[in-house]
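One file, start-v2.cif, is given below (mmCIF, C-alpha atoms and all ligand atoms).
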data_protein
#
loop_
_atom_site.group_PDB
_atom_site.id
_atom_site.type_symbol
_atom_site.label_atom_id
_atom_site.label_comp_id
_atom_site.auth_asym_id
_atom_site.auth_seq_id
_atom_site.Cartn_x
_atom_site.Cartn_y
_atom_site.Cartn_z
ATOM 1 C CA MET A 1 -20.651 15.603 19.085
ATOM 2 C CA LYS A 2 -24.166 16.919 19.481
ATOM 3 C CA LYS A 3 -22.948 20.344 18.573
ATOM 4 C CA ASN A 4 -21.370 18.956 15.424
ATOM 5 C CA LEU A 5 -24.572 17.220 14.459
ATOM 6 C CA LEU A 6 -26.444 20.455 14.910
ATOM 7 C CA LYS A 7 -23.882 22.186 12.778
ATOM 8 C CA ILE A 8 -24.312 19.590 10.054
ATOM 9 C CA ALA A 9 -28.083 19.912 10.247
ATOM 10 C CA ALA A 10 -27.783 23.675 9.980
ATOM 11 C CA LEU A 11 -25.437 23.353 7.029
ATOM 12 C CA ALA A 12 -27.803 20.917 5.347
ATOM 13 C CA MET A 13 -30.612 23.377 5.801
ATOM 14 C CA VAL A 14 -28.590 26.202 4.346
ATOM 15 C CA SER A 15 -27.684 24.164 1.285
ATOM 16 C CA ALA A 16 -31.267 23.005 0.864
ATOM 17 C CA LEU A 17 -32.289 26.639 0.901
ATOM 18 C CA ALA A 18 -29.607 27.493 -1.611
ATOM 19 C CA VAL A 19 -30.796 24.727 -3.902
ATOM 20 C CA SER A 20 -34.408 25.788 -3.635
ATOM 21 C CA SER A 21 -33.584 29.386 -4.385
ATOM 22 C CA LEU A 22 -31.496 28.246 -7.341
ATOM 23 C CA ALA A 23 -34.395 26.117 -8.523
ATOM 24 C CA GLY A 24 -36.504 29.248 -8.184
ATOM 25 C CA CYS A 25 -34.398 30.801 -10.891
ATOM 26 C CA GLY A 26 -35.409 28.092 -13.330
ATOM 27 C CA ALA A 27 -37.565 28.915 -16.289
ATOM 28 C CA GLY A 28 -40.340 30.791 -14.577
ATOM 29 C CA ASP A 29 -40.639 28.428 -11.567
ATOM 30 C CA ASP A 30 -41.182 31.464 -9.477
ATOM 31 C CA ALA A 31 -43.427 33.985 -11.101
ATOM 32 C CA SER A 32 -41.445 36.844 -9.605
ATOM 33 C CA ASN A 33 -38.306 35.804 -11.412
ATOM 34 C CA THR A 34 -37.254 37.068 -14.760
ATOM 35 C CA ALA A 35 -35.538 34.854 -17.295
ATOM 36 C CA SER A 36 -33.518 31.939 -16.051
ATOM 37 C CA LYS A 37 -29.813 32.535 -15.408
ATOM 38 C CA GLY A 38 -29.118 34.717 -18.370
ATOM 39 C CA THR A 39 -30.969 32.473 -20.794
ATOM 40 C CA LEU A 40 -34.393 33.345 -22.067
ATOM 41 C CA THR A 41 -36.180 30.129 -22.993
ATOM 42 C CA MET A 42 -38.775 30.358 -25.721
ATOM 43 C CA ALA A 43 -41.289 27.847 -27.010
ATOM 44 C CA THR A 44 -42.658 28.120 -30.524
ATOM 45 C CA ASN A 45 -44.309 26.028 -33.212
ATOM 46 C CA ALA A 46 -42.294 26.380 -36.399
ATOM 47 C CA GLU A 47 -45.256 25.639 -38.674
ATOM 48 C CA PHE A 48 -46.569 29.150 -39.013
ATOM 49 C CA PRO A 49 -44.859 30.975 -41.894
ATOM 50 C CA PRO A 50 -43.748 33.722 -42.084
ATOM 51 C CA PHE A 51 -43.734 34.083 -38.277
ATOM 52 C CA GLU A 52 -41.943 30.816 -37.512
ATOM 53 C CA TYR A 53 -40.974 28.002 -39.824
ATOM 54 C CA LEU A 54 -38.116 25.679 -40.574
ATOM 55 C CA GLU A 55 -35.431 26.386 -43.112
ATOM 56 C CA GLY A 56 -33.670 23.045 -43.098
ATOM 57 C CA GLU A 57 -32.977 22.470 -39.419
ATOM 58 C CA GLU A 58 -33.091 26.138 -38.528
ATOM 59 C CA ILE A 59 -36.098 27.865 -36.988
ATOM 60 C CA VAL A 60 -36.554 31.193 -38.752
ATOM 61 C CA GLY A 61 -39.238 33.846 -39.215
ATOM 62 C CA ALA A 62 -40.419 37.244 -38.037
ATOM 63 C CA ASP A 63 -41.189 36.077 -34.478
ATOM 64 C CA VAL A 64 -37.766 34.448 -34.268
ATOM 65 C CA ASP A 65 -35.979 37.608 -35.424
ATOM 66 C CA MET A 66 -38.058 39.662 -33.013
ATOM 67 C CA ALA A 67 -37.323 37.308 -30.087
ATOM 68 C CA LYS A 68 -33.625 37.415 -30.930
ATOM 69 C CA ALA A 69 -33.691 41.209 -30.959
ATOM 70 C CA VAL A 70 -35.578 41.290 -27.633
ATOM 71 C CA ALA A 71 -33.121 38.855 -26.017
ATOM 72 C CA GLU A 72 -30.169 40.791 -27.342
ATOM 73 C CA TYR A 73 -31.586 44.089 -26.103
ATOM 74 C CA LEU A 74 -32.085 42.629 -22.622
ATOM 75 C CA GLY A 75 -28.743 40.833 -22.573
ATOM 76 C CA TYR A 76 -30.045 37.255 -22.525
ATOM 77 C CA GLU A 77 -29.055 34.222 -24.518
ATOM 78 C CA LEU A 78 -32.099 32.941 -26.397
ATOM 79 C CA GLU A 79 -32.933 29.235 -26.406
ATOM 80 C CA ILE A 80 -35.742 28.206 -28.762
ATOM 81 C CA THR A 81 -37.703 24.958 -28.505
ATOM 82 C CA ASN A 82 -39.973 23.842 -31.344
ATOM 83 C CA ILE A 83 -43.124 22.079 -30.099
ATOM 84 C CA ASP A 84 -46.847 21.845 -30.915
ATOM 85 C CA PHE A 85 -48.770 25.104 -30.686
ATOM 86 C CA ASP A 86 -50.928 24.022 -27.749
ATOM 87 C CA ALA A 87 -47.825 22.730 -25.923
ATOM 88 C CA ALA A 88 -46.096 26.087 -26.494
ATOM 89 C CA LEU A 89 -49.045 27.862 -24.877
ATOM 90 C CA THR A 90 -49.125 25.446 -21.932
ATOM 91 C CA GLY A 91 -45.338 25.643 -21.632
ATOM 92 C CA ALA A 92 -45.508 29.415 -21.135
ATOM 93 C CA GLN A 93 -48.495 29.074 -18.824
ATOM 94 C CA THR A 94 -46.763 26.624 -16.463
ATOM 95 C CA GLY A 95 -43.429 28.437 -16.658
ATOM 96 C CA LYS A 96 -41.667 25.512 -18.312
ATOM 97 C CA TYR A 97 -40.482 28.127 -20.801
ATOM 98 C CA ASP A 98 -39.977 31.791 -19.986
ATOM 99 C CA MET A 99 -42.103 32.756 -22.950
ATOM 100 C CA ALA A 100 -43.979 31.494 -25.981
ATOM 101 C CA VAL A 101 -43.680 33.421 -29.224
ATOM 102 C CA ALA A 102 -45.828 31.844 -31.909
ATOM 103 C CA GLY A 103 -48.137 34.384 -33.497
ATOM 104 C CA ILE A 104 -50.160 34.037 -30.321
ATOM 105 C CA THR A 105 -53.365 36.027 -30.166
ATOM 106 C CA ALA A 106 -53.727 37.740 -26.817
ATOM 107 C CA ASN A 107 -57.423 37.285 -26.095
ATOM 108 C CA GLU A 108 -59.460 37.616 -22.906
ATOM 109 C CA GLU A 109 -59.695 33.878 -22.341
ATOM 110 C CA ARG A 110 -55.941 33.399 -22.469
ATOM 111 C CA ARG A 111 -55.347 36.479 -20.349
ATOM 112 C CA GLN A 112 -57.021 34.617 -17.465
ATOM 113 C CA ASN A 113 -54.142 32.126 -17.463
ATOM 114 C CA MET A 114 -51.147 33.942 -18.878
ATOM 115 C CA ASN A 115 -49.293 37.215 -18.878
ATOM 116 C CA PHE A 116 -48.986 38.904 -22.239
ATOM 117 C CA SER A 117 -46.566 41.520 -23.472
ATOM 118 C CA ASN A 118 -47.904 44.522 -25.318
ATOM 119 C CA ASP A 119 -49.221 43.695 -28.798
ATOM 120 C CA TYR A 120 -46.705 43.590 -31.604
ATOM 121 C CA PHE A 121 -48.813 42.654 -34.635
ATOM 122 C CA LYS A 122 -52.412 42.979 -35.758
ATOM 123 C CA ALA A 123 -53.980 39.920 -37.379
ATOM 124 C CA SER A 124 -57.293 38.419 -38.397
ATOM 125 C CA GLN A 125 -58.677 35.077 -39.494
ATOM 126 C CA SER A 126 -58.888 34.469 -43.230
ATOM 127 C CA ILE A 127 -60.574 31.873 -45.410
ATOM 128 C CA ILE A 128 -58.621 29.803 -47.933
ATOM 129 C CA VAL A 129 -60.553 27.921 -50.619
ATOM 130 C CA ASN A 130 -59.673 25.957 -53.738
ATOM 131 C CA ALA A 131 -59.322 28.264 -56.749
ATOM 132 C CA ASP A 132 -62.419 26.760 -58.411
ATOM 133 C CA SER A 133 -64.560 26.900 -55.258
ATOM 134 C CA GLU A 134 -68.055 28.414 -55.226
ATOM 135 C CA ILE A 135 -67.257 29.851 -51.799
ATOM 136 C CA LYS A 136 -66.573 33.560 -52.335
ATOM 137 C CA ALA A 137 -67.256 34.950 -48.860
ATOM 138 C CA ALA A 138 -67.849 33.900 -45.260
ATOM 139 C CA ALA A 139 -71.592 33.811 -45.926
ATOM 140 C CA ASP A 140 -71.034 30.910 -48.354
ATOM 141 C CA LEU A 141 -69.452 28.765 -45.619
ATOM 142 C CA GLU A 142 -72.875 27.830 -44.254
ATOM 143 C CA GLY A 143 -73.144 24.041 -44.003
ATOM 144 C CA LYS A 144 -69.571 23.502 -45.227
ATOM 145 C CA THR A 145 -66.737 21.670 -43.522
ATOM 146 C CA VAL A 146 -63.788 23.820 -42.609
ATOM 147 C CA SER A 147 -60.311 22.769 -41.504
ATOM 148 C CA CYS A 148 -58.187 24.689 -39.043
ATOM 149 C CA GLN A 149 -55.304 24.381 -36.647
ATOM 150 C CA GLU A 150 -55.881 22.804 -33.246
ATOM 151 C CA GLY A 151 -56.013 25.058 -30.202
ATOM 152 C CA THR A 152 -56.045 28.287 -32.175
ATOM 153 C CA THR A 153 -58.325 31.281 -32.255
ATOM 154 C CA GLY A 154 -59.293 30.188 -35.784
ATOM 155 C CA GLU A 155 -60.633 26.922 -34.390
ATOM 156 C CA GLN A 156 -62.435 28.840 -31.647
ATOM 157 C CA TYR A 157 -64.051 31.159 -34.200
ATOM 158 C CA LEU A 158 -65.346 28.197 -36.195
ATOM 159 C CA LEU A 159 -66.691 26.443 -33.098
ATOM 160 C CA ASP A 160 -68.343 29.629 -31.833
ATOM 161 C CA ASN A 161 -70.088 30.038 -35.177
ATOM 162 C CA GLY A 162 -71.292 26.447 -35.366
ATOM 163 C CA TYR A 163 -69.263 25.209 -38.332
ATOM 164 C CA GLN A 164 -68.356 21.596 -38.966
ATOM 165 C CA ILE A 165 -64.641 21.469 -38.422
ATOM 166 C CA GLN A 166 -61.609 19.267 -38.906
ATOM 167 C CA SER A 167 -58.658 20.303 -36.742
ATOM 168 C CA PHE A 168 -55.052 19.542 -37.551
ATOM 169 C CA LYS A 169 -51.782 19.998 -35.684
ATOM 170 C CA THR A 170 -50.450 22.276 -38.424
ATOM 171 C CA GLY A 171 -51.765 24.749 -40.952
ATOM 172 C CA SER A 172 -50.176 22.837 -43.819
ATOM 173 C CA GLU A 173 -52.104 19.695 -42.889
ATOM 174 C CA ALA A 174 -55.258 21.824 -42.790
ATOM 175 C CA ILE A 175 -54.527 23.056 -46.307
ATOM 176 C CA THR A 176 -53.776 19.536 -47.582
ATOM 177 C CA ALA A 177 -57.258 18.567 -46.363
ATOM 178 C CA LEU A 178 -58.557 21.338 -48.624
ATOM 179 C CA THR A 179 -56.541 20.516 -51.748
ATOM 180 C CA THR A 180 -57.415 16.815 -51.425
ATOM 181 C CA GLY A 181 -61.125 17.623 -51.213
ATOM 182 C CA LYS A 182 -61.701 16.532 -47.610
ATOM 183 C CA VAL A 183 -62.903 19.969 -46.534
ATOM 184 C CA ASP A 184 -64.375 23.007 -48.318
ATOM 185 C CA ALA A 185 -62.234 25.722 -46.757
ATOM 186 C CA VAL A 186 -59.461 26.491 -44.284
ATOM 187 C CA VAL A 187 -59.627 29.204 -41.642
ATOM 188 C CA ILE A 188 -56.275 30.437 -40.404
ATOM 189 C CA ASP A 189 -54.474 33.685 -39.549
ATOM 190 C CA ASN A 190 -54.337 36.066 -42.530
ATOM 191 C CA ALA A 191 -50.591 36.365 -43.160
ATOM 192 C CA VAL A 192 -50.142 32.628 -42.702
ATOM 193 C CA ALA A 193 -53.067 31.960 -45.065
ATOM 194 C CA LYS A 194 -51.229 33.994 -47.698
ATOM 195 C CA ALA A 195 -47.926 32.220 -47.115
ATOM 196 C CA LEU A 196 -49.413 28.716 -47.107
ATOM 197 C CA SER A 197 -51.652 29.420 -50.085
ATOM 198 C CA ALA A 198 -48.682 30.780 -52.066
ATOM 199 C CA GLU A 199 -47.042 27.350 -51.700
ATOM 200 C CA GLN A 200 -49.980 25.766 -53.576
ATOM 201 C CA ASN A 201 -49.042 27.314 -56.941
ATOM 202 C CA GLY A 202 -52.438 28.795 -57.736
ATOM 203 C CA LYS A 203 -54.516 25.817 -56.578
ATOM 204 C CA THR A 204 -55.903 27.831 -53.669
ATOM 205 C CA VAL A 205 -56.901 31.436 -53.000
ATOM 206 C CA VAL A 206 -57.294 33.540 -49.873
ATOM 207 C CA LEU A 207 -60.606 35.390 -49.666
ATOM 208 C CA ASP A 208 -60.455 39.084 -49.028
ATOM 209 C CA GLU A 209 -62.507 39.102 -45.842
ATOM 210 C CA ALA A 210 -61.331 39.445 -42.246
ATOM 211 C CA LEU A 211 -63.359 37.236 -39.900
ATOM 212 C CA THR A 212 -61.871 38.559 -36.668
ATOM 213 C CA GLN A 213 -59.613 41.254 -35.279
ATOM 214 C CA GLU A 214 -56.745 39.959 -33.196
ATOM 215 C CA SER A 215 -53.377 41.051 -31.868
ATOM 216 C CA TYR A 216 -50.265 38.979 -31.364
ATOM 217 C CA ALA A 217 -48.297 39.242 -28.141
ATOM 218 C CA ILE A 218 -45.621 37.303 -26.289
ATOM 219 C CA ALA A 219 -47.056 34.908 -23.696
ATOM 220 C CA MET A 220 -45.540 34.342 -20.261
ATOM 221 C CA LYS A 221 -46.490 32.740 -16.980
ATOM 222 C CA LEU A 222 -49.334 34.518 -15.184
ATOM 223 C CA GLY A 223 -47.825 36.880 -12.628
ATOM 224 C CA ASN A 224 -44.370 37.048 -14.207
ATOM 225 C CA ASP A 225 -44.713 40.812 -14.281
ATOM 226 C CA GLU A 226 -41.004 41.451 -14.053
ATOM 227 C CA LEU A 227 -40.228 39.662 -17.319
ATOM 228 C CA THR A 228 -43.354 41.126 -18.912
ATOM 229 C CA GLU A 229 -42.085 44.608 -18.078
ATOM 230 C CA GLU A 230 -38.622 43.844 -19.397
ATOM 231 C CA ILE A 231 -40.039 42.508 -22.641
ATOM 232 C CA ASN A 232 -42.348 45.481 -23.021
ATOM 233 C CA LYS A 233 -39.387 47.776 -22.561
ATOM 234 C CA ALA A 234 -37.459 45.900 -25.249
ATOM 235 C CA LEU A 235 -40.427 45.884 -27.653
ATOM 236 C CA ALA A 236 -40.928 49.628 -27.199
ATOM 237 C CA ALA A 237 -37.251 50.327 -27.889
ATOM 238 C CA LEU A 238 -37.194 48.054 -30.961
ATOM 239 C CA LYS A 239 -40.316 49.725 -32.268
ATOM 240 C CA GLU A 240 -38.881 53.154 -31.636
ATOM 241 C CA ASP A 241 -35.582 52.478 -33.424
ATOM 242 C CA GLY A 242 -37.268 50.838 -36.415
ATOM 243 C CA THR A 243 -35.964 47.295 -35.791
ATOM 244 C CA LEU A 244 -39.438 45.765 -35.609
ATOM 245 C CA ALA A 245 -40.587 47.486 -38.800
ATOM 246 C CA GLN A 246 -37.471 46.203 -40.531
ATOM 247 C CA ILE A 247 -38.125 42.643 -39.371
ATOM 248 C CA PHE A 248 -41.748 42.678 -40.551
ATOM 249 C CA GLU A 249 -40.716 44.188 -43.867
ATOM 250 C CA LYS A 250 -38.148 41.427 -44.374
ATOM 251 C CA TYR A 251 -40.991 38.886 -44.221
ATOM 252 C CA GLU A 252 -43.333 41.051 -46.298
ATOM 253 C CA LEU A 253 -45.677 41.581 -43.379
ATOM 254 C CA THR A 254 -47.723 44.736 -43.363
ATOM 255 C CA VAL A 255 -48.116 46.334 -40.008
ATOM 256 C CA ASP A 256 -51.384 48.234 -39.632
ATOM 257 C CA ALA A 257 -50.946 51.870 -38.770
ATOM 258 C CA GLU A 258 -52.052 52.593 -35.228
HETATM 259 N N1 LIG B 301 -53.091 33.432 -33.730
HETATM 260 C C1 LIG B 301 -53.624 32.138 -33.568
HETATM 261 C C2 LIG B 301 -53.782 31.809 -32.119
HETATM 262 O O1 LIG B 301 -53.216 32.413 -31.294
HETATM 263 C C3 LIG B 301 -52.788 31.045 -34.241
HETATM 264 C C4 LIG B 301 -51.394 30.929 -33.737
HETATM 265 C C5 LIG B 301 -50.644 29.729 -34.298
HETATM 266 O O2 LIG B 301 -51.228 28.845 -34.869
HETATM 267 N N2 LIG B 301 -49.354 29.721 -34.171
HETATM 268 O O3 LIG B 301 -54.489 30.918 -31.756
#
For this file, write the structure as structure tokens.
Amino acid sequence: MKKNLLKIAALAMVSALAVSSLAGCGAGDDASNTASKGTLTMATNAEFPPFEYLEGEEIVGADVDMAKAVAEYLGYELEITNIDFDAALTGAQTGKYDMAVAGITANEERRQNMNFSNDYFKASQSIIVNADSEIKAAADLEGKTVSCQEGTTGEQYLLDNGYQIQSFKTGSEAITALTTGKVDAVVIDNAVAKALSAEQNGKTVVLDEALTQESYAIAMKLGNDELTEEINKALAALKEDGTLAQIFEKYELTVDAE
């Protein structure tokens, strides 16, 4: 009887161990793990054309195509979740998602809390103004109110430089604040500024001045070096065989020569 009880206890322990090691395979629960059970989970914010945006119900864009190509190269299924930008960052940081791909600038501050893949795109912050605005350059922004997207490097730039800001969840809300006269300018990533401004049918223009120099990379949980390596391998191969260039071209994105 006692022996049996012991046996049961031992069995229970073994199954508890099995469960915990299975749980360890979940989306980045254990930093040493790669993607969860054959599925690579990705968080994004589909409000950032042409990198990620909605076409009807479907999430499309250059980042989405790139993530699909990476997943395919590595033999994973890709599962994309569309959430707020700051939640996508936090989701990668905590390991809730294996990765966040959302035109994310890999900067020093974020590198303290997250792993990043190698860079895949060079970007900068741009200014959008109304077509009839007197603002012609960054120097004219002095004393003006500028809208931006919450939790982004654009917002950080504006705060660091002492501007009055209004932050919105999405770039399109930031641009509506401009066209409805609530703010004097928008600061947002250059390619997105172009895409969002193009939707305004000439009411807005993007100024030809780069406020920052940034690079986009895929974000993962800090210490998930195995997945970071895998993704870097995939990115290198897709760069080498021209897939990445093709994807960027499809969305009319110019990749700076290195
Ligand atoms: N590149 C900017 C950042 O990382 C904006 C990204 C975004 O809004 N999707 O903060």
Across A:Gly202, A:Gly91, A:Gly162, A:Gly154, the smallest distance to ligand LIG 301 (chain B), with only C-alpha atoms and all ligand atoms counted, is shown by A:Gly154
Practice prompt. Extract, using all atoms listed in the file, all DNA, RNA and protein residues at most 12 Å from A:Gly143, discarding same-chain residues fewer than 4 positions from it, and format them as a ChimeraX atom specification.
Written response: /A:135,138-139,158,161-165,183-185
Between atom CA of A:Ile188 and atom CA of A:Gln125, distance in Å (one decimal):
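Computing the Euclidean distance for atom CA of A:Ile188 and atom CA of A:Gln125 yields 5.3 Å.
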For this session: Work out how far apart atom CA of A:Lys239 and atom CA of A:Met99 are and give it in Å to one decimal.
Result: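 We find that atom CA of A:Lys239 and atom CA of A:Met99 lie 19.4 Å from each other.
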**Request:** Find the residue from A:Gln149, A:Gln112, A:Thr90, A:Ser197 that sits nearest to ligand LIG 301 (chain B); use only C-alpha atoms and all ligand atoms when measuring.
**Result:**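 Smallest separation from ligand LIG 301 (chain B) among the options: A:Gln149.
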Could you state the separation of atom CA of A:Glu79 and atom O3 of ligand LIG 301 (chain B) in Å, given to one decimal place?
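Atom CA of A:Glu79 sits 22.3 Å away from atom O3 of ligand LIG 301 (chain B).
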- Query: Do you know which residues lie at most 12 Å from (-43.4, 45.7, -44.2), with coordinates as in the file and all atoms listed in the file counted, and could you write them as number ranges by chain?
  - Reply: A: 62, 121, 191, 242-257
### Output of the PyMOL selection byres (((not hetatm)) within 10 of (chain B and resi 301)), listed as a VMD selection string
chain A and resid 44 to 49 51 to 52 84 to 86 88 to 89 100 to 107 110 122 to 125 148 to 157 169 to 171 188 to 190 192 214 to 217
Given the file above and the PyMOL selection byres (((chain A and resi 136) around 12) and not hetatm), which residues are selected, and can you give them as a ChimeraX atom specification?
/A:126-135,137-142,184-185,205-209
Any chance you could export the current selection's C-alpha atoms as a CSV table (one decimal), in the frame of the given file?
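Result file is selection.csv:
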chain,number,residue,atom,x,y,z
A,126,SER,CA,-58.9,34.5,-43.2
A,127,ILE,CA,-60.6,31.9,-45.4
A,128,ILE,CA,-58.6,29.8,-47.9
A,129,VAL,CA,-60.6,27.9,-50.6
A,130,ASN,CA,-59.7,26.0,-53.7
A,131,ALA,CA,-59.3,28.3,-56.7
A,132,ASP,CA,-62.4,26.8,-58.4
A,133,SER,CA,-64.6,26.9,-55.3
A,134,GLU,CA,-68.1,28.4,-55.2
A,135,ILE,CA,-67.3,29.9,-51.8
A,137,ALA,CA,-67.3,35.0,-48.9
A,138,ALA,CA,-67.8,33.9,-45.3
A,139,ALA,CA,-71.6,33.8,-45.9
A,140,ASP,CA,-71.0,30.9,-48.4
A,141,LEU,CA,-69.5,28.8,-45.6
A,142,GLU,CA,-72.9,27.8,-44.3
A,184,ASP,CA,-64.4,23.0,-48.3
A,185,ALA,CA,-62.2,25.7,-46.8
A,205,VAL,CA,-56.9,31.4,-53.0
A,206,VAL,CA,-57.3,33.5,-49.9
A,207,LEU,CA,-60.6,35.4,-49.7
A,208,ASP,CA,-60.5,39.1,-49.0
A,209,GLU,CA,-62.5,39.1,-45.8
What are the closest atom pairs, with distances in Å to one decimal, for each residue of stretch 76-193 of chain A lying within 8 Å of stretch 228-236 of chain A, using only C-alpha atoms, rows by chain and rising residue number, as a tab-separated table?
residue	atom	partner	partner_atom	distance
A:Asn115	CA	A:Thr228	CA	7.1
A:Phe116	CA	A:Thr228	CA	6.9
A:Ser117	CA	A:Thr228	CA	5.6
A:Asn118	CA	A:Asn232	CA	6.1
A:Tyr120	CA	A:Leu235	CA	7.8
Exactly which residues make up the result of the PyMOL selection byres (((chain A and resi 74) around 10) and not hetatm) on this file, given as a list in words?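 Applied to this file, the PyMOL selection byres (((chain A and resi 74) around 10) and not hetatm) returns Gly38, Leu40, Lys68, Ala69, Val70, Ala71, Glu72, Tyr73, Gly75, Tyr76, Glu77, Glu230, Ile231, Lys233 and Ala234 of chain A.
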Taking all listed atoms of stretch 87-90 of chain A, build the axis-aligned box, pad each of the six sides by 6 Å, then write its centre and edge lengths in Å to one decimal as AutoDock Vina command-line options.
--center_x -47.6 --center_y 25.3 --center_z -24.2 --size_x 15.0 --size_y 17.1 --size_z 16.6
Could you check the closest approach to A:Thr212 for each of A:Val187, A:Ala87, A:Leu54, A:Leu78 and tell me which residue wins, using only C-alpha atoms?
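Looking at the shortest contact to A:Thr212, the residue is A:Val187.
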